[in-house]
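A.B. asks: Sharing upload34.tsv (TSV, C-alpha atoms and all ligand atoms) below.
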```tsv
chain	number	residue	atom	x	y	z
A	1	MET	CA	30.41	1.74	-15.17
A	2	THR	CA	33.04	3.93	-13.56
A	3	ARG	CA	32.93	7.62	-14.44
A	4	PRO	CA	36.09	9.22	-15.85
A	5	PRO	CA	38.63	10.67	-13.41
A	6	GLU	CA	38.67	14.41	-12.75
A	7	ARG	CA	41.04	16.86	-11.10
A	8	SER	CA	40.62	20.08	-9.18
A	9	GLN	CA	42.34	22.44	-6.80
A	10	ALA	CA	41.03	21.90	-3.28
A	11	ILE	CA	41.47	23.25	0.24
A	12	VAL	CA	41.14	20.59	2.92
A	13	LEU	CA	38.46	21.52	5.48
A	14	LYS	CA	38.23	18.32	7.49
A	15	VAL	CA	39.94	14.93	7.70
A	16	SER	CA	38.85	11.83	9.57
A	17	GLU	CA	40.23	8.33	9.86
A	18	HIS	CA	38.23	5.57	8.25
A	19	GLY	CA	38.97	1.98	9.19
A	20	GLU	CA	42.51	0.66	9.38
A	21	SER	CA	44.05	2.52	6.49
A	22	ASP	CA	41.67	4.98	4.80
A	23	LYS	CA	40.91	8.65	5.30
A	24	ILE	CA	37.73	10.59	4.59
A	25	VAL	CA	38.56	14.10	3.41
A	26	THR	CA	36.18	17.04	2.90
A	27	CYS	CA	37.49	19.92	0.80
A	28	TYR	CA	36.32	23.06	-0.93
A	29	CYS	CA	36.93	23.33	-4.68
A	30	PRO	CA	36.55	26.47	-6.82
A	31	THR	CA	34.06	25.09	-9.35
A	32	ILE	CA	32.64	22.00	-7.65
A	33	GLY	CA	32.08	23.47	-4.19
A	34	LYS	CA	32.23	21.11	-1.24
A	35	LEU	CA	33.59	17.68	-2.06
A	36	THR	CA	34.00	14.65	0.20
A	37	GLY	CA	36.22	11.79	-0.85
A	38	ILE	CA	37.73	8.61	0.46
A	39	ALA	CA	41.47	8.15	0.12
A	40	LYS	CA	42.06	4.42	0.22
A	41	GLY	CA	45.24	3.35	1.91
A	42	ALA	CA	46.02	6.96	2.82
A	43	LYS	CA	47.43	5.99	6.20
A	44	ARG	CA	49.89	3.55	4.58
A	45	SER	CA	50.74	5.09	1.22
A	46	LYS	CA	53.82	7.22	1.75
A	47	LYS	CA	54.10	8.24	-1.87
A	48	ARG	CA	50.60	9.27	-2.86
A	49	PHE	CA	49.30	10.98	0.24
A	50	VAL	CA	51.79	11.46	3.06
A	51	ASN	CA	51.61	14.92	4.68
A	52	LYS	CA	49.14	16.05	2.02
A	53	LEU	CA	45.69	15.13	3.28
A	54	GLU	CA	45.89	17.50	6.24
A	55	ILE	CA	43.49	20.23	7.28
A	56	PHE	CA	44.24	23.65	5.63
A	57	SER	CA	46.36	22.14	2.80
A	58	LEU	CA	45.92	23.52	-0.71
A	59	LEU	CA	46.02	20.56	-3.08
A	60	GLU	CA	45.53	19.50	-6.62
A	61	ILE	CA	43.45	16.35	-6.26
A	62	HIS	CA	42.82	13.64	-8.81
A	63	PHE	CA	39.55	11.85	-8.09
A	64	THR	CA	36.99	9.48	-9.53
A	65	PRO	CA	33.34	10.42	-8.96
A	66	GLY	CA	31.09	7.77	-7.42
A	67	ASP	CA	28.28	6.22	-9.46
A	68	ARG	CA	25.52	6.77	-6.99
A	69	SER	CA	26.83	8.65	-3.99
A	70	THR	CA	28.40	12.08	-3.68
A	71	LEU	CA	31.46	10.44	-2.10
A	72	VAL	CA	34.33	10.42	-4.59
A	73	ARG	CA	37.48	8.29	-4.59
A	74	ILE	CA	40.61	10.37	-4.19
A	75	ASP	CA	43.31	8.74	-6.33
A	76	GLN	CA	46.18	11.17	-5.88
A	77	ALA	CA	46.97	14.52	-4.28
A	78	ASP	CA	49.68	17.04	-5.13
A	79	LEU	CA	50.57	19.59	-2.48
A	80	LEU	CA	50.43	23.20	-3.72
A	81	SER	CA	50.73	24.88	-0.33
A	82	ALA	CA	50.85	23.38	3.14
A	83	PHE	CA	50.51	26.63	5.17
A	84	PRO	CA	52.83	24.93	7.71
A	85	ASN	CA	52.69	27.67	10.37
A	86	LEU	CA	48.96	27.07	10.85
A	87	ARG	CA	49.72	23.68	12.33
A	88	SER	CA	52.63	24.70	14.53
A	89	HIS	CA	51.06	27.75	16.23
A	90	TYR	CA	48.18	27.22	18.62
A	91	HIS	CA	46.30	30.50	17.94
A	92	ARG	CA	46.82	30.40	14.18
A	93	TYR	CA	45.49	26.83	14.16
A	94	ASN	CA	42.35	27.80	16.11
A	95	ASN	CA	41.60	30.80	13.90
A	96	ALA	CA	42.18	28.82	10.68
A	97	SER	CA	39.93	26.05	12.04
A	98	LEU	CA	37.12	28.56	12.43
A	99	LEU	CA	37.43	29.62	8.78
A	100	CYS	CA	37.31	26.01	7.62
A	101	GLU	CA	34.33	25.19	9.83
A	102	LEU	CA	32.41	28.19	8.50
A	103	ILE	CA	33.08	27.13	4.88
A	104	LEU	CA	32.07	23.58	5.80
A	105	HIS	CA	28.66	24.74	7.06
A	106	TRP	CA	28.00	27.54	4.60
A	107	THR	CA	28.73	25.70	1.36
A	108	THR	CA	27.21	22.70	-0.40
A	109	GLU	CA	28.14	20.07	-2.97
A	110	ASN	CA	27.94	20.96	-6.66
A	111	ASP	CA	27.84	24.69	-5.99
A	112	GLY	CA	31.33	26.12	-6.30
A	113	ASP	CA	32.29	29.77	-6.08
A	114	GLU	CA	35.76	30.77	-7.22
A	115	ASN	CA	35.60	33.94	-5.10
A	116	ILE	CA	34.92	31.99	-1.90
A	117	PHE	CA	37.84	29.70	-2.77
A	118	ARG	CA	40.14	32.71	-3.29
A	119	LEU	CA	38.90	34.40	-0.10
A	120	LEU	CA	39.73	31.29	1.92
A	121	ILE	CA	43.24	31.08	0.43
A	122	TRP	CA	43.77	34.79	1.12
A	123	ALA	CA	42.79	34.39	4.79
A	124	LEU	CA	44.83	31.20	5.30
A	125	GLN	CA	47.88	32.96	3.85
A	126	TRP	CA	47.46	35.89	6.24
A	127	LEU	CA	47.01	33.63	9.24
A	128	ASN	CA	50.00	31.54	8.13
A	129	GLN	CA	52.14	34.71	8.08
A	130	GLY	CA	50.91	35.61	11.58
A	131	GLU	CA	49.17	38.86	10.53
A	132	PRO	CA	46.74	40.12	13.18
A	133	LEU	CA	44.72	36.95	13.56
A	134	THR	CA	41.39	38.26	14.80
A	135	ARG	CA	41.34	41.08	12.26
A	136	THR	CA	41.88	38.54	9.46
A	137	VAL	CA	39.02	36.42	10.79
A	138	ILE	CA	36.71	39.47	10.98
A	139	LEU	CA	37.52	40.62	7.45
A	140	PHE	CA	37.14	37.09	6.10
A	141	GLN	CA	33.61	36.84	7.52
A	142	ILE	CA	32.56	40.29	6.30
A	143	LYS	CA	33.64	39.38	2.75
A	144	LEU	CA	32.18	35.87	3.03
A	145	PHE	CA	28.71	37.23	3.93
A	146	ASP	CA	28.89	39.41	0.81
A	147	LEU	CA	29.65	36.41	-1.38
A	148	LEU	CA	26.93	34.33	0.25
A	149	GLY	CA	24.34	37.07	-0.23
A	150	TYR	CA	23.91	37.77	3.49
A	151	ARG	CA	25.61	41.17	3.68
A	152	PRO	CA	24.55	42.68	7.03
A	153	HIS	CA	23.29	46.27	6.89
A	154	LEU	CA	25.96	48.25	8.76
A	155	ALA	CA	25.49	51.75	7.34
A	156	GLY	CA	23.23	53.21	10.00
A	157	CYS	CA	19.91	51.99	11.34
A	158	ILE	CA	18.12	49.47	9.11
A	159	ASN	CA	14.77	50.90	10.20
A	160	CYS	CA	15.05	54.71	10.19
A	161	ASN	CA	18.39	55.01	8.34
A	162	CYS	CA	19.87	57.35	10.98
A	163	HIS	CA	23.67	57.37	11.08
A	164	ASP	CA	24.35	58.62	14.57
A	165	HIS	CA	21.48	58.54	16.98
A	166	HIS	CA	22.86	61.07	19.49
A	167	GLY	CA	26.03	59.00	19.78
A	168	ALA	CA	24.11	56.14	21.41
A	169	PRO	CA	25.39	52.70	20.42
A	170	TYR	CA	23.48	50.53	17.98
A	171	ARG	CA	22.38	46.97	18.54
A	172	PHE	CA	22.55	44.28	15.89
A	173	SER	CA	19.39	42.44	14.93
A	174	THR	CA	20.14	39.10	13.24
A	175	SER	CA	16.50	38.62	12.25
A	176	ARG	CA	16.52	41.93	10.37
A	177	GLY	CA	20.14	41.51	9.25
A	178	GLY	CA	21.39	44.90	10.37
A	179	LEU	CA	22.00	47.61	12.93
A	180	VAL	CA	19.09	49.10	14.82
A	181	CYS	CA	19.32	52.46	16.64
A	182	ARG	CA	18.19	53.04	20.21
A	183	ARG	CA	14.96	54.68	19.13
A	184	CYS	CA	13.98	51.74	16.93
A	185	HIS	CA	15.11	48.67	18.81
A	186	GLN	CA	12.78	46.59	20.86
A	187	GLU	CA	13.46	44.59	23.96
A	188	THR	CA	14.68	41.44	22.22
A	189	VAL	CA	17.34	43.36	20.34
A	190	ALA	CA	18.18	45.53	23.34
A	191	ALA	CA	19.32	42.39	25.16
A	192	HIS	CA	22.24	42.03	22.72
A	193	SER	CA	25.59	43.70	23.23
A	194	PRO	CA	25.90	47.23	21.88
A	195	ILE	CA	27.86	48.12	18.75
A	196	SER	CA	29.63	51.45	18.90
A	197	LEU	CA	29.43	53.85	15.98
A	198	ASN	CA	33.15	53.37	15.44
A	199	THR	CA	32.88	49.57	15.07
A	200	ALA	CA	29.89	49.92	12.76
A	201	LYS	CA	31.84	52.32	10.55
A	202	LEU	CA	34.88	50.03	10.44
A	203	LEU	CA	32.83	47.00	9.43
A	204	HIS	CA	30.96	49.01	6.84
A	205	LYS	CA	34.26	50.22	5.40
A	206	ALA	CA	35.46	46.61	5.19
A	207	GLN	CA	32.36	45.74	3.14
A	208	THR	CA	32.98	48.47	0.60
A	209	MET	CA	36.79	48.37	0.36
A	210	PRO	CA	38.52	46.32	-2.31
A	211	HIS	CA	40.39	43.23	-1.20
A	212	ASN	CA	43.89	44.62	-1.64
A	213	LYS	CA	43.25	47.59	0.67
A	214	ILE	CA	41.24	45.89	3.38
A	215	SER	CA	44.23	45.00	5.54
A	216	ARG	CA	44.85	48.71	6.18
A	217	LEU	CA	41.85	48.83	8.52
A	218	GLN	CA	42.86	49.00	12.16
A	219	PHE	CA	40.61	47.57	14.86
A	220	SER	CA	40.97	48.67	18.49
A	221	PRO	CA	40.59	45.97	21.15
A	222	SER	CA	37.00	47.06	21.87
A	223	SER	CA	36.06	47.14	18.18
A	224	THR	CA	37.60	43.69	17.77
A	225	ARG	CA	35.50	42.38	20.68
A	226	GLU	CA	32.28	43.94	19.39
A	227	ALA	CA	32.83	42.79	15.82
A	228	MET	CA	33.62	39.23	16.85
A	229	ALA	CA	30.55	39.04	19.10
A	230	LEU	CA	28.33	40.35	16.30
A	231	LEU	CA	29.72	37.94	13.70
A	232	LYS	CA	29.56	34.98	16.03
A	233	ARG	CA	25.87	35.57	16.72
A	234	TYR	CA	25.04	36.35	13.07
A	235	ASN	CA	26.67	33.09	11.95
A	236	SER	CA	25.02	30.85	14.51
A	237	ASP	CA	21.59	32.47	14.08
A	238	LEU	CA	21.66	32.12	10.31
A	239	LEU	CA	23.12	28.61	10.34
A	240	GLN	CA	20.95	27.56	13.27
A	241	ARG	CA	23.83	25.72	14.88
A	242	GLU	CA	26.76	26.23	17.19
A	243	ILE	CA	30.11	26.74	15.51
A	244	ILE	CA	32.41	24.57	17.60
A	245	SER	CA	35.64	26.43	16.72
A	246	TRP	CA	34.44	29.61	18.46
A	247	ARG	CA	34.93	27.82	21.79
A	248	ALA	CA	38.71	27.83	21.42
A	249	LEU	CA	38.70	31.55	20.56
A	250	SER	CA	36.68	32.89	23.45
B	301	ZN	ZN	16.39	53.68	13.85
```
Could the structure of this file be written out as structure tokens, please?
C.D. replies:
Amino acid sequence: MTRPPERSQAIVLKVSEHGESDKIVTCYCPTIGKLTGIAKGAKRSKKRFVNKLEIFSLLEIHFTPGDRSTLVRIDQADLLSAFPNLRSHYHRYNNASLLCELILHWTTENDGDENIFRLLIWALQWLNQGEPLTRTVILFQIKLFDLLGYRPHLAGCINCNCHDHHGAPYRFSTSRGGLVCRRCHQETVAAHSPISLNTAKLLHKAQTMPHNKISRLQFSPSSTREAMALLKRYNSDLLQREIISWRALS
């Protein structure tokens, strides 16, 4: 027996071709979480799907859940926002791809989070407008870790709680999930790139600031570099995999 059709808002994270005429689409939905569906005839049907089942698109999808598998059948899609500039600008595309890949790996089926959905829309809008791209990507990840329950400890040393160990830079320990001062870090952590006090303070501010004020934070080129290196390593260590989209950004 077929289950009744459902509908949901969805952001497209990934699209692949399937056979002659179908597409497999993975999206993130506010209450359902990650959802993968097959859109039959998507490559032919001008009316139902054309220009809609594209990466980054915000859609309202109509779908029929499968009886046994998690794969749903996508029956129709209405375009709510296409974020067109993400597809026509090389750097915006690469940065937006990273956000989608992170959501793809960090989320699961049947476990939606409205705040993660809203965070992703917020970041895609900023990238679409061409706001400082790397800063948007940094702030997105800082807020995402909060929502996932992996907030890194960035207010001083996680071990001794010092806030400025004679001005010496901190290191970031992914296994301990926070900054470690020079007095406390061991050789394994010492091998990682240093985090200046300034960068640590900026990232900590981003964690505590409300969403609508966060874009006031200004990152210098060196803080941007340090923050991106820290977040890249924290993501891949926690996920235990390489995030492919970082390659295009480095
Ligand atoms: Zn310490």
A.B. asks: Which one is closest to ligand ZN 301 (chain B): A:Cys181, A:Leu230, A:Ala155, A:Ala168? Count only C-alpha atoms and all ligand atoms.
C.D. replies: A:Cys181
A.B. asks: Rank nothing, just name the residue among A:Arg216, A:Arg233, A:Arg247, A:Lys43 nearest to Glu20 in chain A, using all atoms listed in the file.
C.D. replies: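 Using all atoms listed in the file, the shortest distance to Glu20 in chain A belongs to A:Lys43.
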A.B. asks: From the list A:Gly177, A:Gly41, A:Gly112, A:Gly149, which residue is nearest Ser8 in chain A when using only C-alpha atoms?
C.D. replies: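 Selected residue with least distance to Ser8 in chain A: A:Gly112.
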A.B. asks: Counting all atoms listed in the file, figure out which residue out of A:Asn94, A:Asn159, A:Thr107, A:Ser81 gets nearest to ligand ZN 301 (chain B).
C.D. replies: A:Asn159
A.B. asks: Identify which of the residues A:Thr108, A:Ser57, A:Thr224, A:Ser88 lies closest to Thr36 in chain A, counting only C-alpha atoms when measuring atom-to-atom distances.
C.D. replies: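 Comparing A:Thr108, A:Ser57, A:Thr224, A:Ser88 against Thr36 in chain A, the winner is A:Thr108.
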A.B. asks: Around ligand ZN 301 (chain B), out to 9 Å and counting only C-alpha atoms and all ligand atoms, which residues are there? I want them as a VMD selection string.
C.D. replies: chain A and resid 156 to 163 165 170 179 to 185
A.B. asks: Taking all atoms listed in the file into account, which of A:Ser175, A:Ser97, A:Gln186, A:Gln76 comes nearest Val12 in chain A?
C.D. replies: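 The answer is A:Ser97, which sits nearest to Val12 in chain A.
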A.B. asks: For CA of Trp126 in chain A and CA of Ile103 in chain A, quote the distance in Å rounded to one decimal.
C.D. replies: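 Between CA of Trp126 in chain A and CA of Ile103 in chain A the gap works out to 16.9 Å.
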A.B. asks: Quick one, how far is CA of Ile195 in chain A from CA of Lys232 in chain A?
C.D. replies: 13.5 Å
A.B. asks: Which residues are close to Met228 in chain A, i.e. within 10 Å by all atoms listed in the file, leaving aside same-chain residues fewer than 4 positions away? Reply as a VMD selection string.
C.D. replies: chain A and resid 134 to 135 137 to 138 141 222 to 224 232 to 234 246 249 to 250
A.B. asks: Rounded to one decimal place, report the CA of Ile243 in chain A-CA of Leu202 in chain A distance in Å.
C.D. replies: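 For CA of Ile243 in chain A relative to CA of Leu202 in chain A, the distance reads 24.3 Å.
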A.B. asks: Please list as a list in words every residue within 10 Å of Leu133 in chain A, counting only C-alpha atoms and excluding residues in the same chain fewer than 6 positions away.
C.D. replies: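 Result of the neighbour search: His91, Arg92, Asn94, Asn95, Ala96, Ala123, Trp126 and Leu127 of chain A.
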A.B. asks: Extract, using only C-alpha atoms, all DNA, RNA and protein residues at most 12 Å from Lys205 in chain A, discarding same-chain residues fewer than 2 positions from it, and format them as a list in words.
C.D. replies: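 Selected residues are Leu139, Ile142, Lys143, His153, Leu154, Ala155, Asn198, Thr199, Ala200, Lys201, Leu202, Leu203, Gln207, Thr208, Met209, Pro210, His211, Lys213, Ile214, Ser215, Arg216, Leu217, Gln218 and Phe219 of chain A.
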A.B. asks: Name the residues within 10 Å of (40.6, 17.2, 9.7), counting only C-alpha atoms in the file's coordinates, and put them as a list of chain:residue names.
C.D. replies: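 Residues with an atom close enough to that point: A:Val12, A:Leu13, A:Lys14, A:Val15, A:Ser16, A:Glu17, A:Lys23, A:Ile24, A:Val25, A:Thr26, A:Cys27, A:Leu53, A:Glu54, A:Ile55, A:Phe56, A:Ser97, A:Cys100.
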A.B. asks: Please write the residues from the selection above to a file, keeping C-alpha atoms, as a CSV table (one decimal), in the frame of the given file.
C.D. replies:
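Output file selection-v2.csv is given in full below:
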```csv
chain,number,residue,atom,x,y,z
A,12,VAL,CA,41.1,20.6,2.9
A,13,LEU,CA,38.5,21.5,5.5
A,14,LYS,CA,38.2,18.3,7.5
A,15,VAL,CA,39.9,14.9,7.7
A,16,SER,CA,38.8,11.8,9.6
A,17,GLU,CA,40.2,8.3,9.9
A,23,LYS,CA,40.9,8.6,5.3
A,24,ILE,CA,37.7,10.6,4.6
A,25,VAL,CA,38.6,14.1,3.4
A,26,THR,CA,36.2,17.0,2.9
A,27,CYS,CA,37.5,19.9,0.8
A,53,LEU,CA,45.7,15.1,3.3
A,54,GLU,CA,45.9,17.5,6.2
A,55,ILE,CA,43.5,20.2,7.3
A,56,PHE,CA,44.2,23.6,5.6
A,97,SER,CA,39.9,26.0,12.0
A,100,CYS,CA,37.3,26.0,7.6
```
A.B. asks: Compile a residue-level contact table for range 129-186 of chain A against range 83-86 of chain A at a cut-off of 12 Å, reporting for every qualifying residue the shortest atom pair and its distance in Å to one decimal, with all atoms listed in the file counted, rows ordered by chain and ascending number, as a Markdown table.
C.D. replies:
```
| residue | atom | partner | partner_atom | distance |
| --- | --- | --- | --- | --- |
| A:Gln129 | CA | A:Asn85 | CA | 7.4 |
| A:Gly130 | CA | A:Asn85 | CA | 8.2 |
| A:Glu131 | CA | A:Asn85 | CA | 11.7 |
| A:Leu133 | CA | A:Leu86 | CA | 11.1 |
```
